Amino acid sequence: MANESIIMQRHSIRDFSDRQVDSDLLKAVFAEAQRAPSAMNKQPWRVYVATGEATKRIRQAHAKASDQGGTVLFNAPVLVYITVPKGSASLTYYDAGAFGYSVLLAAVDHGLSSIPAYQFVRFPEEVIKEFDLPANEELAMGLGLGYPAADAATGKTPRLPLDQILTVHE
Ligand SMILES: Cc1cc2nc3c(=O)[nH]c(=O)nc-3n(C[C@H](O)[C@H](O)[C@H](O)COP(=O)(O)O)c2cc1C
């Protein structure tokens with residue numbers, strides 16, 4: 001479906017190949033994601049990205065913390081952590097969500113697959129340690145980016161019927 005919008009094309013991938021992502025392509029993804037709207041255009045998000053050896057360090061720390069064998073953090077080669085200032089108002093989390101979703105959509109546009117997952121931020125210490133995160137920043141969400149493993153499931157998830165979520169008054 002060549003004409004399908006990137007919104008319709010995006011879906012989560014939970015098994016990535018070892019193929020690394022070109023650093024210029026990654027920068028293009030984040031430059032586009034920065035076009036996300038935010039209250040008073042404050043752009044409260046900060047983004048910390050692990051690739052290569054940094055990804056391996058976080059994976060190791062995560063495997064230890066979670067006492068988990070096998071595939072760790074979906075084997076994503078690129079780990080993306082979005083922070084907001086500690087003690088932020090709820091609108092700021094809306095901003096961070098808009099930014100995160102923009103990363104997912106820009107990733108599709110650049111041929112990348114993605115997964116947003118709580119698992120990435122389940123053990124904040126592994127991220128704080130790797131990036132020496134400023135004390136006044138709070139981890140809001142984590143995403144994985146990369147290319148799907150050959151046998152990764154690609155099925156699309158269903159959505160609620162539109163009339164269940166939508167109210168329109170005329
Ligand atoms: C805030 C958030 C947390 C999520 N946490 C997980 C997770 O821990 N594990 C997981 O496999 N998927 C996680 N997901 C992915 C969702 O399950 C997925 O987005 C949803 O089922 C819709 O499927 P789709 O992304 O393929 O459209 C999370 C998504 C969001 C937005």
# chains A, B, ... in the order shown; residues from 1 in each chain; ligands from 1

$ residues_near_ligand --ligand "ligand 1" --cutoff "8 Å" --atoms "only C-alpha atoms and all ligand atoms" --output "ChimeraX atom specification"
/A:10-14,115-120,141,155-158

$ write_last_selection --atoms "C-alpha atoms" --output "PDB file, in the first residue's frame"
ATOM      1  CA  ARG A  10       3.330   2.636  11.909  1.00  0.00           C
ATOM      2  CA  HIS A  11       3.013  -0.320  14.228  1.00  0.00           C
ATOM      3  CA  SER A  12       5.143  -1.623  17.046  1.00  0.00           C
ATOM      4  CA  ILE A  13       7.925  -4.096  16.385  1.00  0.00           C
ATOM      5  CA  ARG A  14       9.129  -6.241  19.267  1.00  0.00           C
ATOM      6  CA  ILE A 115       8.477   0.248  19.852  1.00  0.00           C
ATOM      7  CA  PRO A 116       7.357   2.543  22.654  1.00  0.00           C
ATOM      8  CA  ALA A 117       7.546   0.547  25.886  1.00  0.00           C
ATOM      9  CA  TYR A 118       7.442   0.962  29.624  1.00  0.00           C
ATOM     10  CA  GLN A 119      10.202  -1.638  29.822  1.00  0.00           C
ATOM     11  CA  PHE A 120      12.737   0.946  28.675  1.00  0.00           C
ATOM     12  CA  MET A 141       9.249   7.484  28.220  1.00  0.00           C
ATOM     13  CA  GLY A 155       0.495  -7.733  12.581  1.00  0.00           C
ATOM     14  CA  LYS A 156      -1.518  -4.613  13.201  1.00  0.00           C
ATOM     15  CA  THR A 157      -3.374  -4.132  16.454  1.00  0.00           C
ATOM     16  CA  PRO A 158      -7.098  -3.342  16.436  1.00  0.00           C
TER      17      PRO A 158
END

$ select_by_dssp --residues "region 59-166 of chain A" --states "strand (DSSP E or B)" --output "NGL selection string"
:A and (78-85 or 113-116 or 137-146 or 148)

$ residues_around --residues "Val47 (chain A)" --least-positions-apart "3" --cutoff "7 Å" --atoms "only C-alpha atoms" --output "list in words"
Val80, Tyr81, Ile82 and Thr83 of chain A

$ residues_around --residues "Leu139 (chain A)" --least-positions-apart "6" --cutoff "12 Å" --atoms "only C-alpha atoms" --output "PDB file with N, CA and C atoms, in the first residue's frame"
ATOM      1  N   TRP A  45      10.965  18.741  26.224  1.00  0.00           N
ATOM      2  CA  TRP A  45      11.606  17.430  26.133  1.00  0.00           C
ATOM      3  C   TRP A  45      13.110  17.569  25.937  1.00  0.00           C
ATOM      4  N   ARG A  46      13.818  16.611  26.505  1.00  0.00           N
ATOM      5  CA  ARG A  46      15.236  16.387  26.165  1.00  0.00           C
ATOM      6  C   ARG A  46      15.324  14.930  25.779  1.00  0.00           C
ATOM      7  N   VAL A  47      16.211  14.600  24.852  1.00  0.00           N
ATOM      8  CA  VAL A  47      16.239  13.223  24.350  1.00  0.00           C
ATOM      9  C   VAL A  47      17.654  12.668  24.398  1.00  0.00           C
ATOM     10  N   TYR A  48      17.775  11.496  24.954  1.00  0.00           N
ATOM     11  CA  TYR A  48      19.056  10.813  25.137  1.00  0.00           C
ATOM     12  C   TYR A  48      19.001   9.525  24.337  1.00  0.00           C
ATOM     13  N   VAL A  80      15.977   5.160  22.915  1.00  0.00           N
ATOM     14  CA  VAL A  80      15.655   6.595  22.961  1.00  0.00           C
ATOM     15  C   VAL A  80      14.960   6.884  24.287  1.00  0.00           C
ATOM     16  N   TYR A  81      15.490   7.849  25.026  1.00  0.00           N
ATOM     17  CA  TYR A  81      14.894   8.198  26.319  1.00  0.00           C
ATOM     18  C   TYR A  81      14.494   9.668  26.297  1.00  0.00           C
ATOM     19  N   ILE A  82      13.225   9.903  26.632  1.00  0.00           N
ATOM     20  CA  ILE A  82      12.702  11.267  26.621  1.00  0.00           C
ATOM     21  C   ILE A  82      12.522  11.714  28.071  1.00  0.00           C
ATOM     22  N   THR A  83      13.083  12.876  28.388  1.00  0.00           N
ATOM     23  CA  THR A  83      12.912  13.408  29.741  1.00  0.00           C
ATOM     24  C   THR A  83      12.140  14.720  29.700  1.00  0.00           C
ATOM     25  N   VAL A  84      11.561  15.053  30.854  1.00  0.00           N
ATOM     26  CA  VAL A  84      10.928  16.363  31.056  1.00  0.00           C
ATOM     27  C   VAL A  84      11.447  16.886  32.400  1.00  0.00           C
ATOM     28  N   PRO A  85      11.304  18.193  32.644  1.00  0.00           N
ATOM     29  CA  PRO A  85      11.746  18.700  33.952  1.00  0.00           C
ATOM     30  C   PRO A  85      10.967  18.031  35.081  1.00  0.00           C
ATOM     31  N   LYS A  86      11.653  17.717  36.155  1.00  0.00           N
ATOM     32  CA  LYS A  86      10.968  17.108  37.315  1.00  0.00           C
ATOM     33  C   LYS A  86       9.881  18.047  37.819  1.00  0.00           C
ATOM     34  N   GLY A  87       8.777  17.469  38.257  1.00  0.00           N
ATOM     35  CA  GLY A  87       7.692  18.275  38.810  1.00  0.00           C
ATOM     36  C   GLY A  87       6.905  19.017  37.752  1.00  0.00           C
ATOM     37  N   SER A  88       6.973  18.560  36.510  1.00  0.00           N
ATOM     38  CA  SER A  88       6.270  19.241  35.428  1.00  0.00           C
ATOM     39  C   SER A  88       4.757  19.170  35.576  1.00  0.00           C
ATOM     40  N   TYR A  93       3.574  16.637  30.002  1.00  0.00           N
ATOM     41  CA  TYR A  93       3.568  15.226  29.608  1.00  0.00           C
ATOM     42  C   TYR A  93       2.848  15.055  28.272  1.00  0.00           C
ATOM     43  N   ALA A  96       5.509  15.871  25.859  1.00  0.00           N
ATOM     44  CA  ALA A  96       6.472  14.765  25.708  1.00  0.00           C
ATOM     45  C   ALA A  96       5.874  13.641  24.868  1.00  0.00           C
ATOM     46  N   TYR A 118       7.138   0.700  28.215  1.00  0.00           N
ATOM     47  CA  TYR A 118       7.442   0.962  29.624  1.00  0.00           C
ATOM     48  C   TYR A 118       8.747   0.290  30.031  1.00  0.00           C
ATOM     49  N   PHE A 120      11.521   0.133  28.829  1.00  0.00           N
ATOM     50  CA  PHE A 120      12.737   0.946  28.675  1.00  0.00           C
ATOM     51  C   PHE A 120      12.992   1.832  29.898  1.00  0.00           C
ATOM     52  N   VAL A 121      11.906   2.198  30.589  1.00  0.00           N
ATOM     53  CA  VAL A 121      12.084   3.109  31.728  1.00  0.00           C
ATOM     54  C   VAL A 121      11.770   2.436  33.071  1.00  0.00           C
ATOM     55  N   ARG A 122      11.672   1.112  33.022  1.00  0.00           N
ATOM     56  CA  ARG A 122      11.324   0.369  34.235  1.00  0.00           C
ATOM     57  C   ARG A 122      12.423   0.490  35.293  1.00  0.00           C
ATOM     58  N   PHE A 123      13.661   0.517  34.842  1.00  0.00           N
ATOM     59  CA  PHE A 123      14.784   0.651  35.769  1.00  0.00           C
ATOM     60  C   PHE A 123      15.533   1.942  35.429  1.00  0.00           C
ATOM     61  N   PRO A 124      15.027   3.064  35.906  1.00  0.00           N
ATOM     62  CA  PRO A 124      15.611   4.361  35.529  1.00  0.00           C
ATOM     63  C   PRO A 124      17.117   4.448  35.795  1.00  0.00           C
ATOM     64  N   GLU A 125      17.595   3.721  36.824  1.00  0.00           N
ATOM     65  CA  GLU A 125      19.020   3.818  37.182  1.00  0.00           C
ATOM     66  C   GLU A 125      19.942   3.497  36.007  1.00  0.00           C
ATOM     67  N   GLU A 126      19.535   2.519  35.187  1.00  0.00           N
ATOM     68  CA  GLU A 126      20.411   2.121  34.071  1.00  0.00           C
ATOM     69  C   GLU A 126      20.574   3.259  33.065  1.00  0.00           C
ATOM     70  N   VAL A 127      19.547   4.096  32.971  1.00  0.00           N
ATOM     71  CA  VAL A 127      19.586   5.233  32.032  1.00  0.00           C
ATOM     72  C   VAL A 127      20.307   6.413  32.683  1.00  0.00           C
ATOM     73  N   ILE A 128      19.978   6.662  33.952  1.00  0.00           N
ATOM     74  CA  ILE A 128      20.607   7.765  34.695  1.00  0.00           C
ATOM     75  C   ILE A 128      22.123   7.576  34.705  1.00  0.00           C
ATOM     76  N   PHE A 131      23.824   8.033  31.016  1.00  0.00           N
ATOM     77  CA  PHE A 131      23.858   9.399  30.467  1.00  0.00           C
ATOM     78  C   PHE A 131      24.202  10.452  31.515  1.00  0.00           C
ATOM     79  N   LEU A 133      22.268  11.620  33.775  1.00  0.00           N
ATOM     80  CA  LEU A 133      21.135  12.528  33.598  1.00  0.00           C
ATOM     81  C   LEU A 133      21.124  13.618  34.662  1.00  0.00           C
TER      82      LEU A 133
END

$ residues_around --residues "Ala50 (chain A)" --least-positions-apart "6" --cutoff "12 Å" --atoms "only C-alpha atoms" --output "list in words"
Gln20, Val21, Ser23, Leu26, Lys56, Arg57, Ile58, Arg59, Ala76, Pro77, Val78, Leu79, Val80, Tyr81, Ile82, Phe120, Glu126, Val127, Glu130, Phe131, Gly142, Leu143, Gly144, Leu145 and Gly146 of chain A

$ write_last_selection --atoms "C-alpha atoms" --output "PDB file, in the first residue's frame"
ATOM      1  CA  GLN A  20      22.752  -0.535  13.144  1.00  0.00           C
ATOM      2  CA  VAL A  21      21.070   2.746  12.216  1.00  0.00           C
ATOM      3  CA  SER A  23      23.738   8.360  12.687  1.00  0.00           C
ATOM      4  CA  LEU A  26      18.868   9.242  13.282  1.00  0.00           C
ATOM      5  CA  LYS A  56      25.052  -2.920  24.860  1.00  0.00           C
ATOM      6  CA  ARG A  57      25.872  -1.371  28.266  1.00  0.00           C
ATOM      7  CA  ILE A  58      22.209  -0.552  28.936  1.00  0.00           C
ATOM      8  CA  ARG A  59      21.105  -3.991  27.759  1.00  0.00           C
ATOM      9  CA  ALA A  76      16.530  -2.639  19.618  1.00  0.00           C
ATOM     10  CA  PRO A  77      19.875  -1.207  18.424  1.00  0.00           C
ATOM     11  CA  VAL A  78      18.792   2.361  19.212  1.00  0.00           C
ATOM     12  CA  LEU A  79      17.392   3.238  22.637  1.00  0.00           C
ATOM     13  CA  VAL A  80      15.655   6.595  22.961  1.00  0.00           C
ATOM     14  CA  TYR A  81      14.894   8.198  26.319  1.00  0.00           C
ATOM     15  CA  ILE A  82      12.702  11.267  26.621  1.00  0.00           C
ATOM     16  CA  PHE A 120      12.737   0.946  28.675  1.00  0.00           C
ATOM     17  CA  GLU A 126      20.411   2.121  34.071  1.00  0.00           C
ATOM     18  CA  VAL A 127      19.586   5.233  32.032  1.00  0.00           C
ATOM     19  CA  GLU A 130      24.691   5.768  31.282  1.00  0.00           C
ATOM     20  CA  PHE A 131      23.858   9.399  30.467  1.00  0.00           C
ATOM     21  CA  GLY A 142      11.524   5.162  26.302  1.00  0.00           C
ATOM     22  CA  LEU A 143      11.416   4.028  22.704  1.00  0.00           C
ATOM     23  CA  GLY A 144      13.336   1.508  20.653  1.00  0.00           C
ATOM     24  CA  LEU A 145      14.258   2.082  17.025  1.00  0.00           C
ATOM     25  CA  GLY A 146      15.837  -0.094  14.376  1.00  0.00           C
TER      26      GLY A 146
END

$ atom_distance --atom1 "CA of Gln60 (chain A)" --atom2 "CA of Ala33 (chain A)"
28.6 Å

$ atom_distance --atom1 "CA of Ser102 (chain A)" --atom2 "CA of Ala36 (chain A)"
6.3 Å

$ residues_around --residues "Ile7 (chain A)" --least-positions-apart "6" --cutoff "10 Å" --atoms "only C-alpha atoms" --output "ChimeraX atom specification"
/A:101,104-106,108-109

$ atom_distance --atom1 "CA of Ala140 (chain A)" --atom2 "CA of Phe30 (chain A)"
16.6 Å

$ closest_residue --among "A:Glu138, A:Asp18, A:Asp163, A:Glu4" --to "Phe74 (chain A)" --atoms "only C-alpha atoms"
A:Asp18
